[in-house]
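Okay, work12.txt is below, compact mmCIF, C-alpha atoms and all ligand atoms:
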```
# COMPACT_ATOMS: atom_id res chain seq x y z
CA MET A 26 0.00 0.00 0.00
CA LYS A 27 1.25 3.48 -0.85
CA THR A 28 1.36 5.57 2.34
CA ASP A 29 0.63 9.26 1.80
CA ASP A 30 2.00 11.95 4.13
CA ARG A 31 -1.25 12.37 6.01
CA THR A 32 -1.53 8.62 6.67
CA ALA A 33 2.14 8.44 7.67
CA SER A 34 1.63 11.26 10.14
CA TYR A 35 -1.54 9.61 11.51
CA LEU A 36 0.36 6.32 11.98
CA GLU A 37 3.07 8.10 13.98
CA GLY A 38 0.51 8.27 16.80
CA PHE A 39 0.52 4.47 16.92
CA THR A 40 4.27 3.94 16.84
CA GLU A 41 5.76 1.99 19.71
CA THR A 42 8.03 3.90 22.04
CA GLU A 43 11.02 2.75 24.08
CA ASP A 44 11.16 2.87 27.85
CA GLU A 45 14.38 4.10 29.46
CA PRO A 46 16.16 0.70 29.66
CA LEU A 47 15.45 0.09 25.96
CA ARG A 48 16.58 3.59 25.01
CA ALA A 49 19.79 3.17 26.96
CA ALA A 50 20.47 -0.30 25.50
CA ARG A 51 19.98 1.03 21.96
CA ALA A 52 22.21 4.06 22.66
CA ARG A 53 25.02 1.83 23.99
CA SER A 54 24.65 -0.53 21.02
CA GLU A 55 24.97 2.43 18.64
CA GLU A 56 28.00 3.76 20.52
CA GLY A 57 29.62 0.32 20.28
CA ASP A 58 28.82 0.07 16.55
CA LEU A 59 26.77 -2.96 17.41
CA PRO A 60 23.75 -3.34 15.12
CA ALA A 61 20.56 -3.87 17.10
CA VAL A 62 17.14 -4.72 15.68
CA SER A 63 15.05 -1.73 14.61
CA LEU A 64 12.47 -0.30 17.00
CA ALA A 65 9.64 -1.67 14.82
CA THR A 66 11.30 -5.10 14.80
CA GLY A 67 11.70 -4.99 18.57
CA ALA A 68 8.03 -4.12 18.99
CA LEU A 69 7.14 -7.08 16.76
CA LEU A 70 9.35 -9.41 18.82
CA ARG A 71 7.52 -8.30 21.95
CA TRP A 72 4.16 -8.75 20.25
CA PHE A 73 5.03 -12.32 19.21
CA ALA A 74 6.28 -13.17 22.69
CA ARG A 75 3.04 -11.81 24.17
CA LEU A 76 0.85 -13.59 21.60
CA LEU A 77 2.42 -16.93 22.50
CA GLY A 78 2.60 -16.24 26.23
CA ALA A 79 6.19 -17.35 25.73
CA ARG A 80 7.95 -18.92 28.72
CA HIS A 81 10.99 -20.44 27.06
CA VAL A 82 12.84 -18.34 24.50
CA VAL A 83 16.29 -18.73 22.93
CA GLU A 84 18.18 -15.89 21.26
CA VAL A 85 21.38 -16.37 19.23
CA GLY A 86 23.29 -13.06 19.23
CA SER A 87 22.58 -11.04 22.40
CA GLY A 88 24.42 -7.94 21.16
CA GLY A 89 23.85 -5.11 23.64
CA GLY A 90 20.66 -6.69 25.00
CA TYR A 91 18.20 -4.52 23.06
CA SER A 92 16.27 -7.33 21.34
CA GLY A 93 16.36 -9.42 24.52
CA LEU A 94 14.67 -6.63 26.47
CA TRP A 95 11.91 -6.40 23.86
CA LEU A 96 11.39 -10.18 23.99
CA MET A 97 11.31 -10.20 27.79
CA GLY A 98 8.78 -7.36 27.71
CA GLY A 99 6.26 -9.64 26.01
CA MET A 100 7.04 -12.95 27.69
CA ASP A 101 5.10 -14.55 30.49
CA PRO A 102 6.43 -13.08 33.80
CA ARG A 103 7.50 -16.62 34.79
CA GLY A 104 9.36 -17.06 31.50
CA SER A 105 13.10 -17.11 30.93
CA LEU A 106 15.30 -16.03 28.06
CA THR A 107 18.37 -18.07 27.11
CA THR A 108 20.65 -15.79 25.12
CA ILE A 109 23.93 -16.81 23.45
CA GLU A 110 26.74 -14.36 22.66
CA LEU A 111 30.28 -14.95 21.41
CA ASP A 112 31.80 -11.63 22.46
CA ARG A 113 32.45 -11.10 26.18
CA ASP A 114 32.16 -7.29 25.95
CA HIS A 115 28.86 -7.49 24.12
CA LEU A 116 27.53 -9.91 26.72
CA SER A 117 28.53 -7.48 29.48
CA LEU A 118 26.59 -4.74 27.73
CA ALA A 119 23.61 -7.06 27.37
CA GLN A 120 23.76 -7.98 31.05
CA ARG A 121 23.77 -4.31 31.97
CA ALA A 122 20.64 -3.87 29.86
CA TYR A 123 18.90 -6.83 31.55
CA SER A 124 19.84 -5.43 34.93
CA GLU A 125 18.47 -1.98 34.09
CA GLY A 126 15.32 -3.62 32.73
CA GLY A 127 14.91 -5.56 36.01
CA VAL A 128 14.92 -8.95 34.25
CA SER A 129 18.41 -10.32 35.05
CA ASP A 130 17.04 -13.10 37.22
CA ARG A 131 15.07 -14.43 34.25
CA VAL A 132 17.93 -14.39 31.73
CA ARG A 133 20.37 -17.26 31.21
CA ALA A 134 23.21 -15.51 29.36
CA ILE A 135 25.69 -17.95 27.80
CA LEU A 136 29.09 -16.86 26.51
CA GLY A 137 30.00 -18.96 23.47
CA ALA A 138 29.49 -19.58 19.77
CA GLY A 139 25.94 -20.33 18.72
CA LEU A 140 26.92 -23.53 16.96
CA ALA A 141 28.78 -24.78 20.05
CA VAL A 142 26.00 -23.93 22.52
CA LEU A 143 22.83 -24.80 20.58
CA PRO A 144 23.51 -28.59 20.60
CA LYS A 145 23.38 -28.45 24.41
CA LEU A 146 19.87 -26.98 24.53
CA ALA A 147 16.80 -29.17 25.00
CA ASP A 148 14.64 -30.67 22.26
CA ALA A 149 11.02 -29.63 21.64
CA THR A 150 11.00 -27.14 24.53
CA TYR A 151 11.18 -23.58 23.26
CA ASP A 152 8.26 -21.33 22.36
CA ILE A 153 10.49 -18.99 20.32
CA VAL A 154 13.94 -19.28 18.78
CA PHE A 155 15.25 -15.89 17.61
CA LEU A 156 18.29 -15.78 15.28
CA ASP A 157 20.46 -12.65 15.07
CA ALA A 158 24.13 -13.73 14.96
CA VAL A 159 26.26 -14.89 11.99
CA LYS A 160 24.21 -14.72 8.80
CA ALA A 161 26.30 -17.38 7.01
CA GLU A 162 25.41 -19.76 9.86
CA TYR A 163 21.62 -19.29 9.67
CA PRO A 164 21.14 -22.61 7.75
CA ASP A 165 22.95 -24.43 10.58
CA TYR A 166 20.98 -22.55 13.25
CA LEU A 167 17.82 -23.69 11.45
CA GLU A 168 18.67 -27.37 12.05
CA HIS A 169 18.85 -26.69 15.77
CA ALA A 170 15.78 -24.45 15.81
CA THR A 171 13.52 -27.15 14.37
CA ARG A 172 14.89 -29.61 16.93
CA MET A 173 14.41 -27.19 19.84
CA LEU A 174 11.01 -25.65 19.05
CA ARG A 175 7.92 -27.15 20.61
CA PRO A 176 5.05 -27.92 18.22
CA GLY A 177 3.36 -24.58 17.48
CA GLY A 178 6.53 -22.69 18.42
CA LEU A 179 7.89 -19.79 16.43
CA LEU A 180 11.14 -19.30 14.56
CA LEU A 181 12.16 -15.65 14.18
CA ALA A 182 15.19 -14.44 12.21
CA ASP A 183 16.42 -10.88 11.68
CA ASN A 184 18.21 -9.43 8.63
CA VAL A 185 16.74 -11.90 6.13
CA LEU A 186 16.70 -9.18 3.42
CA TRP A 187 20.23 -7.98 4.32
CA SER A 188 19.74 -4.40 3.07
CA GLY A 189 18.51 -5.67 -0.31
CA ARG A 190 21.55 -7.87 -1.00
CA VAL A 191 19.60 -11.14 -0.72
CA ALA A 192 17.48 -10.10 -3.72
CA ASP A 193 20.50 -8.89 -5.72
CA ALA A 194 21.96 -11.85 -7.66
CA SER A 195 25.29 -10.05 -8.09
CA GLN A 196 25.92 -10.33 -4.31
CA THR A 197 27.56 -13.66 -3.55
CA ASP A 198 29.37 -13.14 -0.21
CA GLU A 199 28.90 -15.89 2.35
CA ASP A 200 26.46 -14.01 4.57
CA THR A 201 24.17 -13.19 1.65
CA GLU A 202 24.39 -16.76 0.34
CA GLY A 203 23.73 -18.10 3.84
CA LEU A 204 20.60 -15.98 4.14
CA ARG A 205 19.36 -17.09 0.69
CA THR A 206 19.89 -20.74 1.63
CA PHE A 207 18.14 -20.18 4.96
CA ASN A 208 15.13 -18.36 3.47
CA ALA A 209 14.66 -21.07 0.84
CA ALA A 210 15.10 -23.87 3.38
CA VAL A 211 12.42 -22.38 5.64
CA ARG A 212 10.09 -21.87 2.68
CA ASP A 213 10.58 -25.47 1.50
CA ASP A 214 10.26 -27.16 4.91
CA PRO A 215 6.71 -28.60 5.19
CA ARG A 216 6.92 -28.32 8.99
CA LEU A 217 7.33 -24.54 8.81
CA SER A 218 4.75 -21.96 7.80
CA GLN A 219 6.57 -18.73 7.10
CA THR A 220 6.20 -15.08 6.23
CA VAL A 221 8.70 -12.24 5.95
CA PHE A 222 7.87 -8.90 7.54
CA THR A 223 9.48 -5.94 5.79
CA VAL A 224 10.30 -4.21 9.08
CA GLY A 225 13.88 -3.21 9.80
CA ASP A 226 16.16 -5.40 7.72
CA GLY A 227 13.50 -8.08 7.17
CA LEU A 228 12.13 -10.30 9.94
CA LEU A 229 11.26 -13.88 9.02
CA ALA A 230 8.62 -15.54 11.19
CA ALA A 231 7.72 -19.21 10.83
CA THR A 232 5.50 -21.39 12.98
CA TYR A 233 6.66 -24.97 13.51
CA HIS A 234 4.17 -27.81 12.97
CA PRO A 235 6.04 -31.13 12.81
CA GLU A 236 2.78 -33.02 12.25
CA ALA A 237 2.23 -31.15 8.95
CA ALA A 238 5.14 -33.01 7.34
CA ALA A 239 3.26 -36.30 7.73
CA ARG A 240 0.16 -35.09 5.84
C1 LIG B 1 23.37 -8.10 15.20
S1 LIG B 1 24.19 -8.32 16.73
C2 LIG B 1 22.87 -8.80 17.80
C3 LIG B 1 21.99 -7.65 18.15
C4 LIG B 1 20.94 -7.98 19.20
N1 LIG B 1 20.18 -9.15 18.82
C5 LIG B 1 20.01 -6.80 19.37
O1 LIG B 1 19.16 -6.58 18.49
O2 LIG B 1 20.17 -6.08 20.34
C6 LIG B 1 25.00 -9.85 16.48
C7 LIG B 1 25.70 -10.38 17.71
O3 LIG B 1 26.10 -11.73 17.43
C8 LIG B 1 27.33 -11.93 18.06
N2 LIG B 1 27.99 -13.10 17.45
C9 LIG B 1 28.90 -13.11 16.43
N3 LIG B 1 29.24 -14.37 16.14
C10 LIG B 1 28.55 -15.16 16.98
C11 LIG B 1 28.45 -16.56 17.17
N4 LIG B 1 29.16 -17.40 16.39
N5 LIG B 1 27.65 -17.03 18.14
C12 LIG B 1 26.93 -16.18 18.92
N6 LIG B 1 26.97 -14.85 18.79
C13 LIG B 1 27.76 -14.34 17.83
C14 LIG B 1 28.08 -10.63 17.86
O4 LIG B 1 29.14 -10.52 18.80
C15 LIG B 1 26.98 -9.62 18.06
O5 LIG B 1 26.92 -9.20 19.40
```
Before anything else, please render the file you have as structure tokens.
Ligand SMILES: C[S@@+](CC[C@H](N)C(=O)[O-])C[C@H]1O[C@@H](n2cnc3c(N)ncnc32)[C@H](O)[C@@H]1O
Amino acid sequence: MKTDDRTASYLEGFTETEDEPLRAARARSEEGDLPAVSLATGALLRWFARLLGARHVVEVGSGGGYSGLWLMGGMDPRGSLTTIELDRDHLSLAQRAYSEGGVSDRVRAILGAGLAVLPKLADATYDIVFLDAVKAEYPDYLEHATRMLRPGGLLLADNVLWSGRVADASQTDEDTEGLRTFNAAVRDDPRLSQTVFTVGDGLLAATYHPEAAAR
């Protein structure tokens, strides 16, 4: 839909806003040149977490904790976030954000590489698996996500449009190729029902229905 100026201005009244912990987490991420999800993407993460009443969520790529705070904001108050981060300094920033958001006691923050940590996480347990680390590794993360999601759970992945590079056939770097492989693998998996939201850098959302593969 084409959005005219008047409609755009009307919609501004419905835009999500950040509370102080979110604002501070985003500011620190920007200062550290650490790309966080967009505000609209964060609001969508929270909405999904709330819709599912999520209690068990995994995030790959904590960054400065911005996306984790959005997820926690929508999760069931008894829920816990398991977040995996390779970089010690980033994880410290994220932990500061969780502390400021008052959710530290419900976050299991794991320092390590996604592909080393994911195999240790439980099968068929998680309501949401959110991917936001190495784009070239998304196809490998997908194997773990389908193992870890409970039936009816939700796979979320940021940056699936990669600033337009995924749709540009002349771009063949490993991150872009990894995202193309991932997007196609999700689309072609009969257990996953997917859509791509054109918020931020592209957010893929796919519900997991293992029983659908048997039909
Ligand atoms: C795009 S940032 C995450 C931003 C965060 N999700 C947010 O929106 O606030 C990607 C993060 O993945 C981390 N990372 C890089 N390689 C990784 C790996 N192999 N496993 C886990 N995290 C990794 C980076 O250090 C960085 O903090």
Just the residues within 10 Å of Tyr91 (chain A), please, counting only C-alpha atoms, with nothing from its chain fewer than 6 positions along; format it as a list in words. Pro46, Leu47, Arg48, Ala49, Ala50, Arg51, Ala52, Arg53, Ser54, Pro60, Ala61, Val62, Ser63, Leu64, Gly67, Leu118, Ala119, Ala122 and Tyr123 of chain A
Within-7 Å residues of ligand LIG 1 (chain B), basis only C-alpha atoms and all ligand atoms, as a PyMOL selection string: chain A and resi 59-62+85-93+109-112+115+137-140+157-159
Can you write just those residues out, C-alpha atoms, as a PDB file, in the coordinates of the input?
```pdb
ATOM      1  CA  LEU A  59      26.770  -2.960  17.410  1.00  0.00           C
ATOM      2  CA  PRO A  60      23.750  -3.340  15.120  1.00  0.00           C
ATOM      3  CA  ALA A  61      20.560  -3.870  17.100  1.00  0.00           C
ATOM      4  CA  VAL A  62      17.140  -4.720  15.680  1.00  0.00           C
ATOM      5  CA  VAL A  85      21.380 -16.370  19.230  1.00  0.00           C
ATOM      6  CA  GLY A  86      23.290 -13.060  19.230  1.00  0.00           C
ATOM      7  CA  SER A  87      22.580 -11.040  22.400  1.00  0.00           C
ATOM      8  CA  GLY A  88      24.420  -7.940  21.160  1.00  0.00           C
ATOM      9  CA  GLY A  89      23.850  -5.110  23.640  1.00  0.00           C
ATOM     10  CA  GLY A  90      20.660  -6.690  25.000  1.00  0.00           C
ATOM     11  CA  TYR A  91      18.200  -4.520  23.060  1.00  0.00           C
ATOM     12  CA  SER A  92      16.270  -7.330  21.340  1.00  0.00           C
ATOM     13  CA  GLY A  93      16.360  -9.420  24.520  1.00  0.00           C
ATOM     14  CA  ILE A 109      23.930 -16.810  23.450  1.00  0.00           C
ATOM     15  CA  GLU A 110      26.740 -14.360  22.660  1.00  0.00           C
ATOM     16  CA  LEU A 111      30.280 -14.950  21.410  1.00  0.00           C
ATOM     17  CA  ASP A 112      31.800 -11.630  22.460  1.00  0.00           C
ATOM     18  CA  HIS A 115      28.860  -7.490  24.120  1.00  0.00           C
ATOM     19  CA  GLY A 137      30.000 -18.960  23.470  1.00  0.00           C
ATOM     20  CA  ALA A 138      29.490 -19.580  19.770  1.00  0.00           C
ATOM     21  CA  GLY A 139      25.940 -20.330  18.720  1.00  0.00           C
ATOM     22  CA  LEU A 140      26.920 -23.530  16.960  1.00  0.00           C
ATOM     23  CA  ASP A 157      20.460 -12.650  15.070  1.00  0.00           C
ATOM     24  CA  ALA A 158      24.130 -13.730  14.960  1.00  0.00           C
ATOM     25  CA  VAL A 159      26.260 -14.890  11.990  1.00  0.00           C
TER      26      VAL A 159
END
```
Residue nearest Leu174 (chain A) among A:Leu69, A:Ala192, A:Ile135, A:Val82 (counting all atoms listed in the file):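 Selected residue with least distance to Leu174 (chain A): A:Val82.
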6 Å contact set for region 226-232 of chain A, all atoms listed in the file, chain neighbours under 2 positions out, as a list in words: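 In the requested form, the answer reads Gly177, Gly178, Leu179, Leu180, Leu181, Ala182, Asp183, Asn184, Val185, Leu186, Trp187, Ser188, Leu217, Ser218, Gln219, Thr220, Val221, Phe222, Thr223 and Val224 of chain A.
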Atom pair CA of Met173 (chain A) + CA of Leu146 (chain A), distance 7.2 Å
CA of Leu136 (chain A) to CA of Ala149 (chain A): how many Å, to one decimal?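 Distance reported for this atom pair: 22.7 Å.
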In Å, rounded to a single decimal, give me how far CA of Trp72 (chain A) is from CA of Tyr35 (chain A).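 Distance reported for this atom pair: 21.1 Å.
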From the options A:Tyr163, A:Leu94, A:Asp214, A:Leu106, which residue's atoms come nearest to Asp44 (chain A), counting all atoms listed in the file?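 Looking only at the distances to Asp44 (chain A), the closest residue turns out to be A:Leu94.
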Best match for closeness to Ser105 (chain A) among A:Ala33, A:Val128, A:Val211, A:Leu143, counting only C-alpha atoms: A:Val128
Which one is closest to Thr42 (chain A): A:Tyr166, A:Phe155, A:Trp95, A:Phe73? Count only C-alpha atoms.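 Closest residue, counting only C-alpha atoms: A:Trp95.
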Between A:Leu116, A:Gln196, A:Asp148, A:Phe207, which is the closest to Ala161 (chain A) once you count only C-alpha atoms? A:Phe207
Using only C-alpha atoms, which residue out of A:Asp29, A:Arg175, A:Gly203, A:Ala209 lies closest to Pro235 (chain A)?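 For Pro235 (chain A), the nearest of the candidates is A:Arg175.
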Test item: residues at most 10 Å from Arg80 (chain A), all atoms listed in the file, excluding those fewer than 3 positions along its chain, as a ChimeraX atom specification: /A:74-75,77,97,99-106,150-153
Export C-alpha atoms of the chosen residues as a short mmCIF file (atom, residue, chain, number, x, y, z; two decimals), in the frame of the given file?
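Writing the result to selection05.cif gives the following:
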```cif
data_model
loop_
_atom_site.label_atom_id
_atom_site.label_comp_id
_atom_site.auth_asym_id
_atom_site.auth_seq_id
_atom_site.Cartn_x
_atom_site.Cartn_y
_atom_site.Cartn_z
CA ALA A 74 6.28 -13.17 22.69
CA ARG A 75 3.04 -11.81 24.17
CA LEU A 77 2.42 -16.93 22.50
CA MET A 97 11.31 -10.20 27.79
CA GLY A 99 6.26 -9.64 26.01
CA MET A 100 7.04 -12.95 27.69
CA ASP A 101 5.10 -14.55 30.49
CA PRO A 102 6.43 -13.08 33.80
CA ARG A 103 7.50 -16.62 34.79
CA GLY A 104 9.36 -17.06 31.50
CA SER A 105 13.10 -17.11 30.93
CA LEU A 106 15.30 -16.03 28.06
CA THR A 150 11.00 -27.14 24.53
CA TYR A 151 11.18 -23.58 23.26
CA ASP A 152 8.26 -21.33 22.36
CA ILE A 153 10.49 -18.99 20.32
#
```
